[in-house]
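> Sharing a structure with you now.
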Amino acid sequence: MNPIQTTRVAARALMRNKMRSFLTTLGIIIGVAAVIAMVAIGEGAKARVEQAFQSMGANLLIVVPGTTTSGGAHGGFGSMPTLTYDDLRAIQNELTSVRLAAPALRSIAQVISEEQNWTTTVMGTTPDYFAVRSWPVAHGRIFSSVDVEGGTKVVVLGQTVVEKLYGANVDPIGQSLRIKNTPFAVIGVLDRKGQAPNGQDYDDNVFIPSSTFQSKIQGGLQKFIGGIIVVSAVSADQTSRAQAQITALLRDRHHIQPDAEADFSIRNLVEMAGARQEGMQTLSMLLAAIAAVSLLVGGIGIMNIMLVSVTERTREIGVRMAVGAKPSHILMQFLVEALTLSIAGGVIGVALGLVTAERLAVALQWPVLYRPDIIIISVVFSAVVGVVFGLYPAYKASRLDPIEALRYE
């Protein structure tokens with residue numbers, strides 16, 4: 001028998017018991033569907049985590065000042081300004097693992113245009129801040145170091161603030177607005193950045209030079225920075241080294257003893273992203289194990305049904321052998337039947353997995369990313385399961401004695 005005839009005979013045998021054939025493939029269908037849906041949702045979640053942390057900035061470290069203590073009560077990090085502008089310059093100029101560093105001074109204030117007003121976050125910083133945060137301008141320009149040195153009254157707006165003050169699709173470059181009754185000239189509009197993982201709107205901010213912020217918005221703290229320092233390491237794998245170097249530098253500059261608590265804290269967002277991704281990988285491994293068990297159960301189901309089929313068709317096998325069929329023909333026929341069941345289950349499982357992933361994405365507001373290589377591997381693996389678990393029933397069928405098989409009732 002040629003392969004086409006063998007496949008046709010196997011298909012006819014399977015179609016005689018459609019419901020049984022479908023139930024046999026159910027384990028394969030569930031296993032493959034679980035793999036496809038798990039990978040699609042997992043890859044989408046991984047992409048969302050990476051996007052969220054990339055929106056925060058490139059290889060970002062955040063240096064937070066120390067705490068206040070009053071009557072035994074600690075105010076928490078950031079409640080006491082302990083970082084100075086000399087610390088900032090030292091971090092920028094003395095550490096080889098640091099690419100850029102910038103202050104981030106923050107206040108909530110009302111911003112007033114000619115016709116509208118909006119309460120938003122006013123940030124005082126330097127031009128390096130936008131490079132650290134990987135945040136380009138959509139229109140106009142950001143302020144320069146000359147603006148910082150001269151305390152120029154210029155402002156760069158986030159997209160949300162532009163929409164609230166001027167309306168959508170309006171270019172406010174050259175317009176004037178007031179922050180705490182101080183007039184500022186709009187020189188730039190930033191690209192849309194979206195939301196932080198905690199729901200904060202990055203675009204609901206305005207940015208002015210740090211020197212202007214100190215003199216016009218919040219008042220200066222002399223040499224101290226009334227906020228945090230954002231730092232960009234030279235590369236992602238250098239963030240831990242940059243964190244260690246910054247820690248050593250600041251402890252030395254602040255004359256902190258080795259056994260004493262530091263008056264600052266450093267948050268490594270690259271490590272946070274890695275921890276989240278490890279959590280996602282652990283969940284993916286758990287789902288993969290569940291899918292593997294489903295495929296194993298599906299394979300056992302195929303073996304069980306094929307053994308039943310051999311018993312039911314013992315007389316048919318005897319007739320085929322009596323008219324010239326070789327044991328290899330019988331072996332191939334039953335292997336093709338097992339392979340057909342497993343591949344059909346794999347194909348249906350792929351379709352079910354894609355639909356399930358799409359429905360879950362809509363219900364959970366979660367992105368999905370389909371991987372063609374995983375789809376191909378799933379179908380191939382289901383075929384391998386069919387061959388492996390169909391081999392013993394096929395071998396048993398091929399080893400039947402034709403005379404005994406013809407006598408079987």
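In the structure tokens, each chain is lettered A, B, ... as it comes, each chain's residues begin at 1, and ligands are numbered from 1 in order of appearance.
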So that I can check the secondary structure, give me every residue of stretch 57-247 of chain A assigned alpha helix (DSSP H) by backbone DSSP, as a PyMOL selection string.
chain A and resi 85-94+128-132+145-150+159-166+210-212+239-247
> Might you pull out every residue within 6 Å of A:Asp203, with only C-alpha atoms counted and same-chain residues fewer than 5 positions away left off, and present them as a count of residues only?
3
> Enter the distance from atom CA of A:Thr25 to atom CA of A:Gly299, in Å, rounded to one decimal.
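Between atom CA of A:Thr25 and atom CA of A:Gly299 the gap works out to 8.5 Å.
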> List the neighbours of stretch 92-102 of chain A out to 9 Å using only C-alpha atoms; skip same-chain residues closer than 5 positions along the sequence, and give me the result as a CSV table (one decimal) with N, CA and C atoms, in the first residue's frame.

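Writing the result to out-v9.csv gives the following:
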```csv
chain,number,residue,atom,x,y,z
A,87,ASP,N,26.8,66.9,45.1
A,87,ASP,CA,26.6,65.5,45.0
A,87,ASP,C,26.2,65.1,43.5
A,125,THR,N,14.0,70.9,36.5
A,125,THR,CA,15.1,70.0,36.2
A,125,THR,C,16.1,70.6,35.2
A,126,THR,N,16.9,69.8,34.6
A,126,THR,CA,17.9,70.2,33.6
A,126,THR,C,17.7,69.5,32.3
A,127,PRO,N,18.3,69.9,31.2
A,127,PRO,CA,18.1,69.2,30.0
A,127,PRO,C,18.4,67.7,30.0
A,128,ASP,N,19.4,67.3,30.9
A,128,ASP,CA,19.7,65.9,30.9
A,128,ASP,C,18.6,65.0,31.4
A,129,TYR,N,17.6,65.6,32.1
A,129,TYR,CA,16.5,64.8,32.6
A,129,TYR,C,15.7,64.1,31.4
A,130,PHE,N,15.6,64.8,30.3
A,130,PHE,CA,14.8,64.3,29.2
A,130,PHE,C,15.6,63.2,28.5
A,131,ALA,N,16.9,63.2,28.5
A,131,ALA,CA,17.7,62.1,28.0
A,131,ALA,C,17.7,60.9,28.9
A,132,VAL,N,17.7,61.2,30.2
A,132,VAL,CA,17.6,60.1,31.1
A,132,VAL,C,16.3,59.3,31.0
A,228,ILE,N,14.6,64.7,44.1
A,228,ILE,CA,15.4,63.5,43.9
A,228,ILE,C,16.4,63.7,42.8
A,229,ILE,N,17.3,62.7,42.6
A,229,ILE,CA,18.2,62.7,41.4
A,229,ILE,C,17.9,61.5,40.6
A,230,VAL,N,17.7,61.7,39.3
A,230,VAL,CA,17.5,60.6,38.4
A,230,VAL,C,18.8,60.4,37.6
A,231,VAL,N,19.2,59.1,37.5
A,231,VAL,CA,20.5,58.7,37.0
A,231,VAL,C,20.3,57.7,35.9
A,232,SER,N,21.0,57.8,34.8
A,232,SER,CA,21.0,56.8,33.7
A,232,SER,C,22.4,56.1,33.7
A,233,ALA,N,22.4,54.8,33.8
A,233,ALA,CA,23.7,54.1,33.7
A,233,ALA,C,24.1,54.0,32.2
A,234,VAL,N,25.3,53.7,32.0
A,234,VAL,CA,25.8,53.6,30.6
A,234,VAL,C,25.2,52.5,29.8
A,235,SER,N,24.7,51.4,30.5
A,235,SER,CA,24.0,50.3,29.9
A,235,SER,C,23.2,49.5,30.9
A,238,GLN,N,25.1,47.6,33.5
A,238,GLN,CA,26.0,48.4,34.4
A,238,GLN,C,25.2,49.1,35.5
A,239,THR,N,23.8,48.9,35.6
A,239,THR,CA,23.1,49.6,36.6
A,239,THR,C,23.4,49.2,38.0
A,241,ARG,N,26.3,48.1,39.0
A,241,ARG,CA,27.7,48.7,39.3
A,241,ARG,C,27.5,50.2,39.5
A,242,ALA,N,26.7,50.9,38.7
A,242,ALA,CA,26.4,52.3,39.0
A,242,ALA,C,25.8,52.5,40.4
A,243,GLN,N,24.9,51.7,40.7
A,243,GLN,CA,24.3,51.8,42.1
A,243,GLN,C,25.3,51.7,43.2
A,245,GLN,N,28.6,52.2,42.9
A,245,GLN,CA,29.5,53.4,42.8
A,245,GLN,C,28.8,54.6,43.5
A,246,ILE,N,27.5,54.8,43.2
A,246,ILE,CA,26.9,56.0,43.7
A,246,ILE,C,26.8,55.9,45.2
A,249,LEU,N,30.2,56.6,46.7
A,249,LEU,CA,30.5,58.0,46.5
A,249,LEU,C,29.8,58.9,47.6
```
